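Everything below belongs to structure-v8.cif, which stores mmCIF, C-alpha atoms and all ligand atoms.
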data_my_file
#
loop_
_atom_site.group_PDB
_atom_site.id
_atom_site.type_symbol
_atom_site.label_atom_id
_atom_site.label_comp_id
_atom_site.auth_asym_id
_atom_site.auth_seq_id
_atom_site.Cartn_x
_atom_site.Cartn_y
_atom_site.Cartn_z
ATOM 1 C CA MET A 9 104.132 79.986 78.057
ATOM 2 C CA PRO A 10 105.462 82.413 80.689
ATOM 3 C CA TYR A 11 103.742 82.688 84.027
ATOM 4 C CA VAL A 12 102.373 86.186 84.618
ATOM 5 C CA TYR A 13 102.405 87.191 88.272
ATOM 6 C CA ASP A 14 99.858 89.767 89.426
ATOM 7 C CA PRO A 15 101.556 91.851 92.152
ATOM 8 C CA GLN A 16 98.150 93.073 93.352
ATOM 9 C CA ASN A 17 96.924 89.609 94.364
ATOM 10 C CA ILE A 18 95.814 89.330 97.977
ATOM 11 C CA PHE A 19 98.784 87.282 99.161
ATOM 12 C CA ALA A 20 101.242 89.724 97.595
ATOM 13 C CA ARG A 21 99.470 92.433 99.568
ATOM 14 C CA ILE A 22 99.732 90.336 102.746
ATOM 15 C CA LEU A 23 103.459 89.892 102.107
ATOM 16 C CA ARG A 24 103.868 93.664 101.713
ATOM 17 C CA GLY A 25 102.027 94.207 105.011
ATOM 18 C CA GLU A 26 99.122 96.014 103.338
ATOM 19 C CA ILE A 27 96.590 93.492 104.669
ATOM 20 C CA PRO A 28 96.777 91.894 108.129
ATOM 21 C CA ASN A 29 97.155 88.174 108.629
ATOM 22 C CA ARG A 30 97.400 85.727 111.511
ATOM 23 C CA THR A 31 100.968 84.552 111.052
ATOM 24 C CA VAL A 32 101.943 81.129 112.341
ATOM 25 C CA LEU A 33 105.548 81.202 111.136
ATOM 26 C CA GLU A 34 107.740 83.468 109.037
ATOM 27 C CA THR A 35 111.090 82.378 107.634
ATOM 28 C CA ALA A 36 113.603 83.884 105.216
ATOM 29 C CA HIS A 37 111.664 82.740 102.148
ATOM 30 C CA SER A 38 108.232 81.629 103.359
ATOM 31 C CA LEU A 39 105.187 82.756 105.319
ATOM 32 C CA ALA A 40 102.579 80.545 107.014
ATOM 33 C CA PHE A 41 99.300 82.023 108.199
ATOM 34 C CA HIS A 42 95.770 80.986 109.100
ATOM 35 C CA ASP A 43 93.256 80.836 106.246
ATOM 36 C CA ILE A 44 90.583 83.517 106.631
ATOM 37 C CA GLY A 45 87.833 80.984 105.898
ATOM 38 C CA PRO A 46 89.000 77.786 107.606
ATOM 39 C CA GLN A 47 87.670 74.511 106.187
ATOM 40 C CA ALA A 48 88.920 72.473 109.162
ATOM 41 C CA PRO A 49 89.983 73.120 112.787
ATOM 42 C CA VAL A 50 93.516 73.638 111.459
ATOM 43 C CA HIS A 51 93.753 75.423 108.110
ATOM 44 C CA VAL A 52 97.100 77.050 107.504
ATOM 45 C CA LEU A 53 98.381 78.428 104.204
ATOM 46 C CA VAL A 54 102.087 78.198 103.454
ATOM 47 C CA ILE A 55 103.369 80.528 100.746
ATOM 48 C CA PRO A 56 106.761 81.413 99.335
ATOM 49 C CA LYS A 57 107.688 85.078 99.526
ATOM 50 C CA GLY A 58 108.757 85.026 95.883
ATOM 51 C CA PRO A 59 106.397 85.815 92.991
ATOM 52 C CA TYR A 60 105.267 82.334 91.947
ATOM 53 C CA VAL A 61 101.807 81.770 90.507
ATOM 54 C CA THR A 62 101.384 78.015 90.915
ATOM 55 C CA TYR A 63 103.107 75.021 92.459
ATOM 56 C CA ASP A 64 104.673 73.953 89.168
ATOM 57 C CA HIS A 65 105.893 77.511 88.604
ATOM 58 C CA PHE A 66 107.516 77.457 92.052
ATOM 59 C CA CYS A 67 109.043 74.005 91.484
ATOM 60 C CA ARG A 68 110.413 75.117 88.124
ATOM 61 C CA ASP A 69 111.824 78.552 88.929
ATOM 62 C CA ALA A 70 112.485 78.822 92.672
ATOM 63 C CA SER A 71 116.037 78.652 93.967
ATOM 64 C CA ASP A 72 117.226 75.671 95.963
ATOM 65 C CA ALA A 73 117.163 77.882 99.068
ATOM 66 C CA GLU A 74 113.523 78.829 98.469
ATOM 67 C CA LEU A 75 112.519 75.221 97.784
ATOM 68 C CA ALA A 76 114.243 73.928 100.900
ATOM 69 C CA ASP A 77 112.890 76.729 103.065
ATOM 70 C CA PHE A 78 109.351 76.056 101.875
ATOM 71 C CA ALA A 79 109.565 72.308 102.514
ATOM 72 C CA ARG A 80 111.034 72.806 105.981
ATOM 73 C CA THR A 81 108.345 75.370 106.769
ATOM 74 C CA VAL A 82 105.635 72.852 105.886
ATOM 75 C CA ALA A 83 107.226 70.333 108.255
ATOM 76 C CA ARG A 84 107.439 72.921 111.008
ATOM 77 C CA ILE A 85 103.778 73.872 110.551
ATOM 78 C CA CYS A 86 102.736 70.226 110.872
ATOM 79 C CA GLU A 87 104.808 70.038 114.034
ATOM 80 C CA MET A 88 103.576 73.342 115.492
ATOM 81 C CA THR A 89 99.916 72.518 114.870
ATOM 82 C CA GLY A 90 100.202 68.982 116.259
ATOM 83 C CA LEU A 91 99.213 67.291 112.997
ATOM 84 C CA GLN A 92 102.393 65.238 112.413
ATOM 85 C CA PRO A 93 101.204 61.626 112.141
ATOM 86 C CA GLY A 94 104.636 60.218 113.004
ATOM 87 C CA GLU A 95 104.773 62.246 116.202
ATOM 88 C CA GLY A 96 101.401 61.448 117.743
ATOM 89 C CA GLY A 97 99.251 63.714 115.572
ATOM 90 C CA LEU A 98 96.356 62.371 113.545
ATOM 91 C CA GLY A 99 97.524 63.584 110.175
ATOM 92 C CA PHE A 100 96.569 66.211 107.667
ATOM 93 C CA ARG A 101 95.766 66.926 104.047
ATOM 94 C CA ALA A 102 97.957 69.174 101.923
ATOM 95 C CA ILE A 103 96.292 70.706 98.871
ATOM 96 C CA THR A 104 97.419 73.133 96.234
ATOM 97 C CA ASN A 105 95.050 74.375 93.580
ATOM 98 C CA ALA A 106 96.472 75.561 90.274
ATOM 99 C CA GLY A 107 94.817 77.343 87.416
ATOM 100 C CA GLU A 108 91.299 77.089 86.068
ATOM 101 C CA HIS A 109 90.676 73.372 86.465
ATOM 102 C CA GLY A 110 92.375 73.419 89.861
ATOM 103 C CA VAL A 111 89.939 76.177 90.861
ATOM 104 C CA GLN A 112 92.694 78.446 92.141
ATOM 105 C CA GLU A 113 91.312 81.691 93.572
ATOM 106 C CA VAL A 114 94.468 83.488 94.640
ATOM 107 C CA PRO A 115 97.195 83.542 91.955
ATOM 108 C CA HIS A 116 100.135 83.291 94.341
ATOM 109 C CA PHE A 117 101.247 79.709 94.998
ATOM 110 C CA HIS A 118 100.032 78.440 98.360
ATOM 111 C CA LEU A 119 99.790 75.079 100.073
ATOM 112 C CA HIS A 120 96.742 74.449 102.246
ATOM 113 C CA ILE A 121 97.505 72.380 105.362
ATOM 114 C CA LEU A 122 94.226 71.056 106.752
ATOM 115 C CA GLY A 123 93.628 68.872 109.776
ATOM 116 C CA GLY A 124 92.039 68.459 113.163
ATOM 117 C CA ARG A 125 89.224 66.305 111.793
ATOM 118 C CA PRO A 126 88.903 63.408 109.331
ATOM 119 C CA MET A 127 89.294 65.039 105.940
ATOM 120 C CA GLY A 128 87.043 62.735 103.881
ATOM 121 C CA ARG A 129 87.644 61.714 100.300
ATOM 122 C CA MET A 130 90.444 63.333 98.391
ATOM 123 C CA VAL A 131 88.343 64.907 95.639
ATOM 124 C CA ALA A 132 84.684 65.285 94.773
ATOM 125 C CA GLN A 133 83.506 62.603 92.392
ATOM 126 C CA SER A 134 81.822 65.054 90.046
ATOM 127 C CA GLY A 135 81.439 68.749 89.345
HETATM 128 P P1 LIG B 1 92.623 78.779 96.526
HETATM 129 O O1 LIG B 1 91.206 78.562 96.114
HETATM 130 O O2 LIG B 1 93.301 79.836 95.696
HETATM 131 O O3 LIG B 1 93.428 77.506 96.605
HETATM 132 O O4 LIG B 1 92.565 79.251 98.027
HETATM 133 C C1 LIG B 1 92.608 80.588 98.425
HETATM 134 C C2 LIG B 1 92.430 80.600 99.922
HETATM 135 O O5 LIG B 1 92.801 81.882 100.386
HETATM 136 C C3 LIG B 1 90.999 80.345 100.389
HETATM 137 O O6 LIG B 1 90.971 79.220 101.258
HETATM 138 C C4 LIG B 1 90.611 81.652 101.106
HETATM 139 O O7 LIG B 1 89.826 81.433 102.251
HETATM 140 C C5 LIG B 1 91.966 82.229 101.452
HETATM 141 N N1 LIG B 1 91.994 83.699 101.524
HETATM 142 C C6 LIG B 1 91.486 84.563 100.606
HETATM 143 N N2 LIG B 1 91.695 85.842 100.994
HETATM 144 C C7 LIG B 1 92.365 85.771 102.180
HETATM 145 C C8 LIG B 1 92.871 86.762 103.068
HETATM 146 O O8 LIG B 1 92.752 87.967 102.849
HETATM 147 N N3 LIG B 1 93.512 86.319 104.176
HETATM 148 C C9 LIG B 1 93.659 84.973 104.443
HETATM 149 N N4 LIG B 1 94.304 84.663 105.579
HETATM 150 N N5 LIG B 1 93.203 84.016 103.619
HETATM 151 C C10 LIG B 1 92.562 84.413 102.499
#
Rewrite the coordinates I just gave you, this time as structure tokens.
Ligand code: 5GP
Amino acid sequence: MPYVYDPQNIFARILRGEIPNRTVLETAHSLAFHDIGPQAPVHVLVIPKGPYVTYDHFCRDASDAELADFARTVARICEMTGLQPGEGGLGFRAITNAGEHGVQEVPHFHLHILGGRPMGRMVAQSG
């Protein structure tokens, strides 16, 4: 089943500069910016610049350069925001929602980096 990327999704529009964002870091293949509705004191979204719908889509089809750039960007965001548990920070939660059961709202792969407070249980027990 092919992934169908919607080029009008909100993150595609952010990448094209049609909608403003609060950028934390931009690299050759990735963009990190503050979530518009933060769920924690730190809530940064890391996205690839390429047209990937979900995490598994990205992991399957991205180039090695894109994959490496994304992973290094995540590490740099944890460092820049002071969340790195190995470096004196108090840790973080990384979440990616995919598809209907993942309750994904924006169909451009993104990783939520959340921290700055205890993040509670990993998932709701029902609903
Ligand atoms: P999802 O539910 O797809 O995993 O998360 C989408 C996230 O994108 C939400 O946390 C939402 O607050 C964020 N978001 C939606 N529209 C915008 C926007 O225009 N700018 C920014 N910075 N974040 C957005």
**OP:** Specify as a VMD selection string each residue included when the PyMOL selection byres (((chain A and resi 35) around 12) and not hetatm) is applied to this file.
**Re:** chain A and resid 31 to 34 36 to 41 54 to 57 73 to 74 76 to 82 84 to 85
Subject >> Picked residues, the PyMOL selection byres (((not hetatm)) within 8 of (chain B and resi 1)), as a ChimeraX atom specification >> reply: /A:18-19,22,27-30,41-47,53,103-106,110-120
**OP:** Would you mind telling me which residue in A:Gly128, A:Arg101, A:Arg24, A:Pro10 lies nearest to A:Thr62 when using all atoms listed in the file?
**Re:**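 Among the listed residues, A:Pro10 lies closest to A:Thr62.
If you look at atom CA of A:Asn17 and atom CA of A:Gly58, they are 12.8 Å away from each other.
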Subject >> Computed interatomic separation between atom CA of A:His65 and atom CA of A:Arg129 (Å) >> reply: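 Atom-to-atom, atom CA of A:His65 and atom CA of A:Arg129 are spaced 26.8 Å apart.
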Original post:
atom CA of A:Val50 to atom CA of A:Pro15: how many Å, to one decimal?
Top reply: 27.7 Å
**OP:** Check the smallest atom-to-atom distance from each of A:Arg68, A:His51, A:Arg21, A:Arg125 to A:Cys86 using only C-alpha atoms, then report the winner.
**Re:**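 With only C-alpha atoms as the atom set, the closest residue is A:His51.
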Run the PyMOL selection byres (((chain A and resi 124) around 10) and not hetatm) mentally over the shown coordinates, then write out the matched residues as a CSV table (one decimal) with C-alpha atoms, in the frame of the given file, using the chain letters and numbers from the document.
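Wrote out10.csv, looks like this:
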chain,number,residue,atom,x,y,z
A,48,ALA,CA,88.9,72.5,109.2
A,49,PRO,CA,90.0,73.1,112.8
A,50,VAL,CA,93.5,73.6,111.5
A,51,HIS,CA,93.8,75.4,108.1
A,89,THR,CA,99.9,72.5,114.9
A,90,GLY,CA,100.2,69.0,116.3
A,91,LEU,CA,99.2,67.3,113.0
A,97,GLY,CA,99.3,63.7,115.6
A,98,LEU,CA,96.4,62.4,113.5
A,99,GLY,CA,97.5,63.6,110.2
A,100,PHE,CA,96.6,66.2,107.7
A,101,ARG,CA,95.8,66.9,104.0
A,122,LEU,CA,94.2,71.1,106.8
A,123,GLY,CA,93.6,68.9,109.8
A,125,ARG,CA,89.2,66.3,111.8
A,126,PRO,CA,88.9,63.4,109.3
A,127,MET,CA,89.3,65.0,105.9
I'd like the box whose edges run along x, y and z of the file and which contains every listed atom of stretch 89-101 of chain A, padded by 8 Å per side; could you state its centre and edge lengths in Å, one decimal, as AutoDock Vina command-line options?
--center_x 100.3 --center_y 66.4 --center_z 110.9 --size_x 25.0 --size_y 28.3 --size_z 29.7
